[in-house]
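entry_24.txt, holding compact mmCIF, C-alpha atoms:
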# COMPACT_ATOMS: atom_id res chain seq x y z
CA MET G 3 -101.81 223.34 -96.04
CA LYS G 4 -100.51 226.63 -97.40
CA ASN G 5 -96.99 225.16 -97.71
CA LEU G 6 -98.38 222.10 -99.47
CA TRP G 7 -100.00 224.25 -102.16
CA LEU G 8 -96.75 226.16 -102.60
CA TRP G 9 -94.84 222.94 -103.15
CA LEU G 10 -97.44 221.70 -105.64
CA LEU G 11 -97.25 224.97 -107.54
CA PHE G 12 -93.44 224.80 -107.56
CA GLY G 13 -93.57 221.24 -108.90
CA LEU G 14 -95.93 222.27 -111.69
CA LEU G 15 -93.62 225.11 -112.70
CA LEU G 16 -90.61 222.77 -112.84
CA GLY G 17 -92.56 220.30 -114.94
CA TRP G 18 -93.65 223.03 -117.34
CA GLU G 19 -90.06 224.27 -117.70
CA ALA G 20 -88.89 220.73 -118.50
CA VAL G 21 -91.59 220.34 -121.15
CA ALA G 22 -90.86 223.79 -122.59
CA GLN G 23 -87.17 222.93 -123.08
CA THR G 24 -87.56 219.60 -124.87
CA PRO G 25 -85.78 219.43 -128.26
CA GLU G 26 -89.15 219.10 -130.01
CA SER G 27 -90.33 222.40 -128.59
CA ILE G 28 -87.06 224.23 -129.33
CA GLY G 29 -87.13 223.30 -133.02
CA PRO G 30 -84.42 221.98 -135.35
CA ALA G 31 -80.89 223.37 -135.08
CA ALA G 32 -79.56 225.51 -137.90
CA PRO G 33 -77.69 223.44 -140.50
CA PRO G 34 -73.90 223.75 -140.38
CA THR G 35 -72.10 226.06 -142.77
CA GLN G 36 -70.77 224.15 -145.76
CA VAL G 37 -67.13 225.02 -146.47
CA VAL G 38 -65.90 223.99 -149.92
CA ILE G 39 -62.13 224.21 -150.41
CA VAL G 40 -61.30 224.17 -154.12
CA GLY G 41 -57.68 223.49 -155.07
CA THR G 42 -56.77 225.65 -158.07
CA VAL G 43 -53.90 226.54 -160.37
CA HIS G 44 -53.18 230.25 -160.62
CA LYS G 45 -52.21 230.38 -164.29
CA ALA G 46 -54.62 229.08 -166.91
CA THR G 47 -53.89 225.71 -168.46
CA ARG G 48 -55.71 223.86 -171.22
CA ARG G 49 -57.79 222.03 -168.60
CA PHE G 50 -58.13 224.66 -165.89
CA THR G 51 -59.25 228.14 -166.95
CA PRO G 52 -61.24 231.03 -165.49
CA ASP G 53 -64.32 229.41 -167.02
CA SER G 54 -63.53 226.32 -164.95
CA VAL G 55 -63.60 228.45 -161.78
CA ALA G 56 -66.88 230.11 -162.82
CA ARG G 57 -68.48 226.71 -163.51
CA ILE G 58 -67.43 225.42 -160.09
CA LEU G 59 -68.95 228.48 -158.42
CA GLN G 60 -72.12 228.10 -160.46
CA ARG G 61 -72.36 224.50 -159.31
CA VAL G 62 -71.83 225.22 -155.62
CA GLN G 63 -73.75 228.55 -155.43
CA PRO G 64 -71.77 230.03 -152.50
CA ASP G 65 -72.89 232.88 -150.29
CA LEU G 66 -69.27 233.93 -149.70
CA ILE G 67 -66.09 233.47 -151.75
CA LEU G 68 -62.65 233.50 -150.13
CA VAL G 69 -59.60 234.09 -152.34
CA GLU G 70 -55.89 233.52 -151.74
CA LEU G 71 -54.96 237.17 -151.26
CA ASP G 72 -54.41 239.42 -148.27
CA SER G 73 -56.29 242.63 -147.49
CA SER G 74 -53.74 244.84 -149.28
CA PHE G 75 -55.21 243.67 -152.61
CA PHE G 76 -58.68 244.97 -151.70
CA THR G 77 -60.42 248.33 -151.50
CA PRO G 78 -62.31 249.21 -148.29
CA ASP G 79 -65.49 247.80 -149.86
CA PHE G 80 -63.71 244.52 -150.72
CA GLU G 81 -63.23 244.88 -154.44
CA LEU G 82 -59.84 244.19 -156.05
CA ARG G 83 -57.64 247.28 -156.25
CA ARG G 84 -56.32 246.31 -159.68
CA PRO G 85 -57.24 243.74 -162.35
CA SER G 86 -55.74 240.28 -162.01
CA ARG G 87 -54.92 237.79 -164.76
CA GLU G 88 -55.06 234.75 -162.51
CA ASN G 89 -57.63 231.99 -162.88
CA GLU G 90 -59.34 232.64 -159.59
CA ALA G 91 -59.92 236.39 -159.92
CA LEU G 92 -61.10 236.12 -163.51
CA GLY G 93 -63.40 233.21 -162.71
CA VAL G 94 -64.87 234.97 -159.68
CA ALA G 95 -65.49 238.08 -161.78
CA LEU G 96 -67.38 236.01 -164.36
CA TYR G 97 -69.53 234.43 -161.67
CA ARG G 98 -70.23 237.68 -159.84
CA GLN G 99 -71.61 239.30 -162.98
CA GLN G 100 -74.77 237.29 -162.36
CA HIS G 101 -74.33 236.45 -158.67
CA PRO G 102 -72.88 239.45 -156.76
CA VAL G 103 -71.93 237.56 -153.61
CA PRO G 104 -69.27 239.00 -151.29
CA MET G 105 -65.59 238.17 -151.77
CA ARG G 106 -62.99 238.30 -149.01
CA PRO G 107 -59.21 237.69 -148.59
CA PHE G 108 -57.86 234.96 -146.33
CA ASP G 109 -54.09 234.82 -146.97
CA TYR G 110 -51.29 235.65 -144.52
CA GLU G 111 -51.26 239.42 -144.07
CA GLY G 112 -48.26 241.02 -145.79
CA ARG G 113 -47.49 237.86 -147.77
CA ASN G 114 -45.82 239.52 -150.76
CA ASP G 115 -43.83 241.93 -148.62
CA TYR G 116 -42.61 239.02 -146.51
CA HIS G 117 -41.57 237.15 -149.67
CA ARG G 118 -39.62 240.15 -150.94
CA ARG G 119 -37.89 240.95 -147.63
CA HIS G 120 -36.69 237.38 -147.13
CA GLY G 121 -36.03 236.33 -150.73
CA LEU G 122 -38.54 233.49 -150.65
CA LEU G 123 -39.12 233.68 -154.39
CA THR G 124 -35.44 233.50 -155.44
CA LEU G 125 -33.25 232.02 -152.70
CA PRO G 126 -34.82 228.52 -152.72
CA GLY G 127 -33.68 228.18 -156.34
CA GLU G 128 -30.15 229.21 -155.36
CA VAL G 129 -30.07 226.59 -152.61
CA LEU G 130 -31.27 223.86 -154.97
CA ALA G 131 -28.66 224.82 -157.56
CA LEU G 132 -25.91 224.56 -154.95
CA LEU G 133 -27.24 221.22 -153.71
CA ASP G 134 -27.39 219.95 -157.26
CA GLY G 135 -23.78 221.02 -157.76
CA LEU G 136 -22.70 219.11 -154.65
CA TYR G 137 -24.65 216.09 -155.89
CA LYS G 138 -22.99 216.10 -159.32
CA GLN G 139 -19.55 216.49 -157.70
CA ARG G 140 -20.37 213.43 -155.51
CA ARG G 141 -19.86 215.46 -152.36
CA LEU G 142 -23.22 214.58 -150.79
CA THR G 143 -23.50 211.47 -148.65
CA PRO G 144 -25.47 208.59 -150.21
CA ALA G 145 -28.39 209.32 -147.87
CA GLN G 146 -28.35 213.00 -148.79
CA GLY G 147 -28.23 212.15 -152.49
CA THR G 148 -31.24 209.85 -152.05
CA ILE G 149 -33.16 212.69 -150.39
CA LEU G 150 -32.40 215.00 -153.31
CA ASP G 151 -33.44 212.33 -155.83
CA ARG G 152 -36.69 211.67 -154.00
CA TYR G 153 -37.45 215.38 -153.74
CA TYR G 154 -37.02 215.83 -157.50
CA GLN G 155 -39.24 212.81 -158.21
CA LEU G 156 -42.01 214.08 -155.94
CA THR G 157 -41.72 217.60 -157.34
CA ASP G 158 -42.06 216.32 -160.90
CA SER G 159 -45.11 214.22 -159.99
CA ALA G 160 -46.76 217.05 -158.01
CA ASN G 161 -46.13 219.60 -160.76
CA ARG G 162 -47.72 217.30 -163.34
CA THR G 163 -50.96 217.31 -161.36
CA SER G 164 -51.26 221.04 -162.11
CA THR G 165 -51.98 220.22 -165.78
CA ARG G 166 -55.03 218.12 -164.91
CA THR G 167 -58.71 218.99 -164.72
CA PRO G 168 -60.18 220.61 -161.59
CA TYR G 169 -61.87 217.31 -160.70
CA ALA G 170 -58.61 215.36 -161.00
CA ILE G 171 -56.67 217.92 -158.96
CA ASN G 172 -59.24 217.88 -156.15
CA GLN G 173 -58.81 214.24 -155.20
CA PRO G 174 -57.39 212.69 -151.99
CA ALA G 175 -54.58 210.97 -153.90
CA VAL G 176 -53.33 214.37 -155.07
CA TYR G 177 -53.57 215.82 -151.55
CA ALA G 178 -51.44 212.93 -150.28
CA LEU G 179 -48.86 213.34 -153.07
CA VAL G 180 -48.52 217.09 -152.47
CA ALA G 181 -48.26 216.55 -148.71
CA ARG G 182 -45.35 214.16 -149.27
CA ARG G 183 -43.65 216.58 -151.63
CA GLN G 184 -43.97 219.48 -149.20
CA HIS G 185 -42.63 217.31 -146.36
CA TRP G 186 -39.54 216.47 -148.40
CA GLN G 187 -39.01 220.11 -149.35
CA TYR G 188 -39.41 221.62 -145.90
CA GLN G 189 -38.23 218.80 -143.65
CA GLU G 190 -35.99 216.31 -145.45
CA LEU G 191 -34.29 218.81 -147.76
CA ASN G 192 -33.93 221.27 -144.90
CA ALA G 193 -32.05 218.60 -142.91
CA VAL G 194 -29.59 218.22 -145.81
CA VAL G 195 -29.07 221.98 -146.06
CA GLN G 196 -28.44 222.30 -142.32
CA ALA G 197 -25.90 219.45 -142.44
CA ARG G 198 -23.77 220.92 -145.23
CA PRO G 199 -21.04 223.36 -144.12
CA GLU G 200 -20.80 224.60 -147.74
CA LEU G 201 -24.33 225.99 -147.32
CA ALA G 202 -23.73 227.73 -143.99
CA ASP G 203 -24.82 231.08 -145.45
CA TYR G 204 -28.24 229.56 -146.21
CA HIS G 205 -28.89 227.68 -142.97
CA ALA G 206 -30.96 230.43 -141.35
CA PHE G 207 -32.79 231.23 -144.56
CA TYR G 208 -33.82 227.68 -145.30
CA GLN G 209 -35.13 227.20 -141.77
CA LEU G 210 -37.12 230.41 -142.10
CA ASN G 211 -38.42 229.18 -145.45
CA ALA G 212 -39.57 225.91 -143.88
CA ASP G 213 -41.16 227.63 -140.90
CA PHE G 214 -43.07 230.08 -143.09
CA TRP G 215 -44.82 227.25 -144.89
CA ASP G 216 -46.42 226.31 -141.57
CA VAL G 217 -47.00 229.89 -140.44
CA ARG G 218 -48.70 230.90 -143.68
CA ASN G 219 -51.01 227.88 -143.90
CA GLN G 220 -51.97 228.15 -140.26
CA ALA G 221 -52.78 231.84 -140.78
CA MET G 222 -54.94 230.91 -143.77
CA ALA G 223 -56.88 228.37 -141.71
CA ALA G 224 -57.35 230.86 -138.87
CA HIS G 225 -58.69 233.49 -141.29
CA ILE G 226 -61.12 230.97 -142.80
CA LEU G 227 -62.43 230.21 -139.30
CA THR G 228 -62.85 233.94 -138.66
CA HIS G 229 -64.94 234.31 -141.81
CA ILE G 230 -67.05 231.30 -140.82
CA ARG G 231 -67.80 232.91 -137.45
CA GLN G 232 -68.40 236.42 -138.79
CA HIS G 233 -70.54 235.68 -141.84
CA ARG G 234 -72.48 232.59 -140.77
CA ALA G 235 -72.98 231.92 -144.46
CA ARG G 236 -74.90 228.90 -145.69
CA ARG G 237 -72.07 227.96 -148.04
CA ILE G 238 -68.50 229.26 -148.40
CA VAL G 239 -66.12 228.51 -151.28
CA VAL G 240 -62.38 228.82 -150.58
CA LEU G 241 -60.24 229.16 -153.73
CA VAL G 242 -56.62 228.24 -153.00
CA GLY G 243 -53.59 226.99 -154.91
CA HIS G 244 -53.90 223.23 -154.72
CA PHE G 245 -50.52 222.74 -153.00
CA HIS G 246 -52.13 224.33 -149.91
CA LYS G 247 -55.32 222.30 -149.86
CA TYR G 248 -54.08 219.29 -147.90
CA TYR G 249 -52.80 221.56 -145.13
CA LEU G 250 -56.04 223.52 -144.85
CA LEU G 251 -58.05 220.30 -144.72
CA GLN G 252 -55.82 219.04 -141.90
CA GLU G 253 -56.13 222.29 -139.95
CA LEU G 254 -59.90 222.60 -140.34
CA ALA G 255 -61.11 219.00 -140.14
CA ALA G 256 -60.91 218.78 -136.36
CA ARG G 257 -62.74 222.12 -135.88
CA GLN G 258 -65.93 221.24 -137.76
CA GLN G 259 -68.18 220.27 -134.87
CA ALA G 260 -66.98 222.96 -132.46
CA GLU G 261 -67.24 225.74 -135.06
CA GLY G 262 -70.48 224.54 -136.68
CA PHE G 263 -69.34 223.83 -140.23
CA GLU G 264 -68.67 220.86 -142.49
CA LEU G 265 -66.03 220.41 -145.17
CA ARG G 266 -67.27 219.37 -148.59
CA GLU G 267 -65.88 218.86 -152.09
CA TYR G 268 -67.27 220.95 -154.94
CA TYR G 269 -68.22 217.89 -156.99
CA TRP G 270 -70.58 216.66 -154.25
CA PHE G 271 -73.09 219.33 -155.31
Representation of the structure as structure tokens:
Amino acid sequence: MKNLWLWLLFGLLLGWEAVAQTPESIGPAAPPTQVVIVGTVHKATRRFTPDSVARILQRVQPDLILVELDSSFFTPDFELRRPSRENEALGVALYRQQHPVPMRPFDYEGRNDYHRRHGLLTLPGEVLALLDGLYKQRRLTPAQGTILDRYYQLTDSANRTSTRTPYAINQPAVYALVARRQHWQYQELNAVVQARPELADYHAFYQLNADFWDVRNQAMAAHILTHIRQHRARRIVVLVGHFHKYYLLQELAARQQAEGFELREYYWF
């Protein structure tokens, strides 16, 4: 009889534990963090100004703003070390006058130093000039000439998107166009460079240039994920040059459920 009462008591305890752990008793789960990636242009245009950035932030009301800089641009308390004339910094400053939310960097660490050490701001132009010379001298194969033509067409179309409004820039058709352009620059054009003996001095550089596009964007995505985990903010705005947006969306889309966030467009608010 004593053992019977023990088993009954044990059964009651198990039943109570099951009831206590039902979803209704635990309560609703916390809503996922909303991550809003805004494709920007760094220099003001007639249709995209610092006021445009401030209006977007006012619309979304973020709890954290991430900007396309690395930590070297910030003081220990995460303010900019020196004034910036770019759209994003000026727009963020306007917004933070009334809404002093935190701002953090998310770019590849040492970005500018890496650019300087490897000539990433000047050597691509040299390579294109040499390719163009080979093209005009009819020394490229027909297939290589077609690649160069297509690259110039995509570059012209992608660059024209930078003159549009923020809403027009932040559309899937633009992401797809920019993704194609970047593929032709870093894959198709790279194949032409590697195949030309006249450009032997640039083979290693152009491969490094192509690889860094992936390395930098993947570092950006990883830093965004780190901020999501650390801050657990209700809403995060990521301000990034719009040529990067398609890549960040690709990197982050598959991580939403596991990391507890959802990607949203600013104009959904």
Measuring between only C-alpha atoms, which one of G:Ala193, G:Ala170, G:Val55, G:Val62 shows the shortest distance to Val37 (chain G)?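 The shortest atom-to-atom distance to Val37 (chain G) comes from G:Val62.
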Residues of region 85-104 of chain G that have any atom at most 9 Å from an atom of region 39-43 of chain G: could you tabulate them with the shortest-distance atom pair and the distance in Å to one decimal, using only C-alpha atoms, ordered by chain and increasing number, as JSON lines?
{"residue": "G:Glu88", "atom": "CA", "partner": "G:Val43", "partner_atom": "CA", "distance": 8.6}
{"residue": "G:Asn89", "atom": "CA", "partner": "G:Val43", "partner_atom": "CA", "distance": 7.1}
{"residue": "G:Glu90", "atom": "CA", "partner": "G:Thr42", "partner_atom": "CA", "distance": 7.6}
From the options G:Leu122, G:Ala95, G:Ala197, G:Leu68, which residue's atoms come nearest to Ala223 (chain G), counting all atoms listed in the file?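 Ranking G:Leu122, G:Ala95, G:Ala197, G:Leu68 by distance to Ala223 (chain G), first place goes to G:Leu68.
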Please provide as a list in words all residues within 9 Å of His246 (chain G), with the sequence filter that same-chain residues fewer than 2 positions apart are discarded (counting all atoms listed in the file).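 The filter keeps Gly41, Tyr177, Val180, Ala181, Asn219, Val242, Gly243, His244, Tyr248, Tyr249, Leu250 and Leu251 of chain G.
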Produce a file of the selected residues containing C-alpha atoms, as an mmCIF file, in the coordinates of the input.
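Dumped to again_29.cif:
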data_model
loop_
_atom_site.group_PDB
_atom_site.id
_atom_site.type_symbol
_atom_site.label_atom_id
_atom_site.label_comp_id
_atom_site.auth_asym_id
_atom_site.auth_seq_id
_atom_site.Cartn_x
_atom_site.Cartn_y
_atom_site.Cartn_z
ATOM 1 C CA GLY G 41 -57.680 223.490 -155.070
ATOM 2 C CA TYR G 177 -53.570 215.820 -151.550
ATOM 3 C CA VAL G 180 -48.520 217.090 -152.470
ATOM 4 C CA ALA G 181 -48.260 216.550 -148.710
ATOM 5 C CA ASN G 219 -51.010 227.880 -143.900
ATOM 6 C CA VAL G 242 -56.620 228.240 -153.000
ATOM 7 C CA GLY G 243 -53.590 226.990 -154.910
ATOM 8 C CA HIS G 244 -53.900 223.230 -154.720
ATOM 9 C CA TYR G 248 -54.080 219.290 -147.900
ATOM 10 C CA TYR G 249 -52.800 221.560 -145.130
ATOM 11 C CA LEU G 250 -56.040 223.520 -144.850
ATOM 12 C CA LEU G 251 -58.050 220.300 -144.720
#
Would you list the contacts of Arg49 (chain G) as a ChimeraX atom specification, taking every protein, DNA or RNA residue within 9 Å and counting all atoms listed in the file, but skipping same-chain residues closer than 3 positions in sequence? /G:46,54,165-168
To one decimal place in Å, what is the distance between CA of Gln220 (chain G) and CA of Phe108 (chain G)? 10.9 Å
Residue with smallest distance to Leu179 (chain G) - pool G:His120, G:Lys247, G:Arg48, G:Arg218, counting all atoms listed in the file: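 Residue with the minimum atom-to-atom distance to Leu179 (chain G): G:Lys247.
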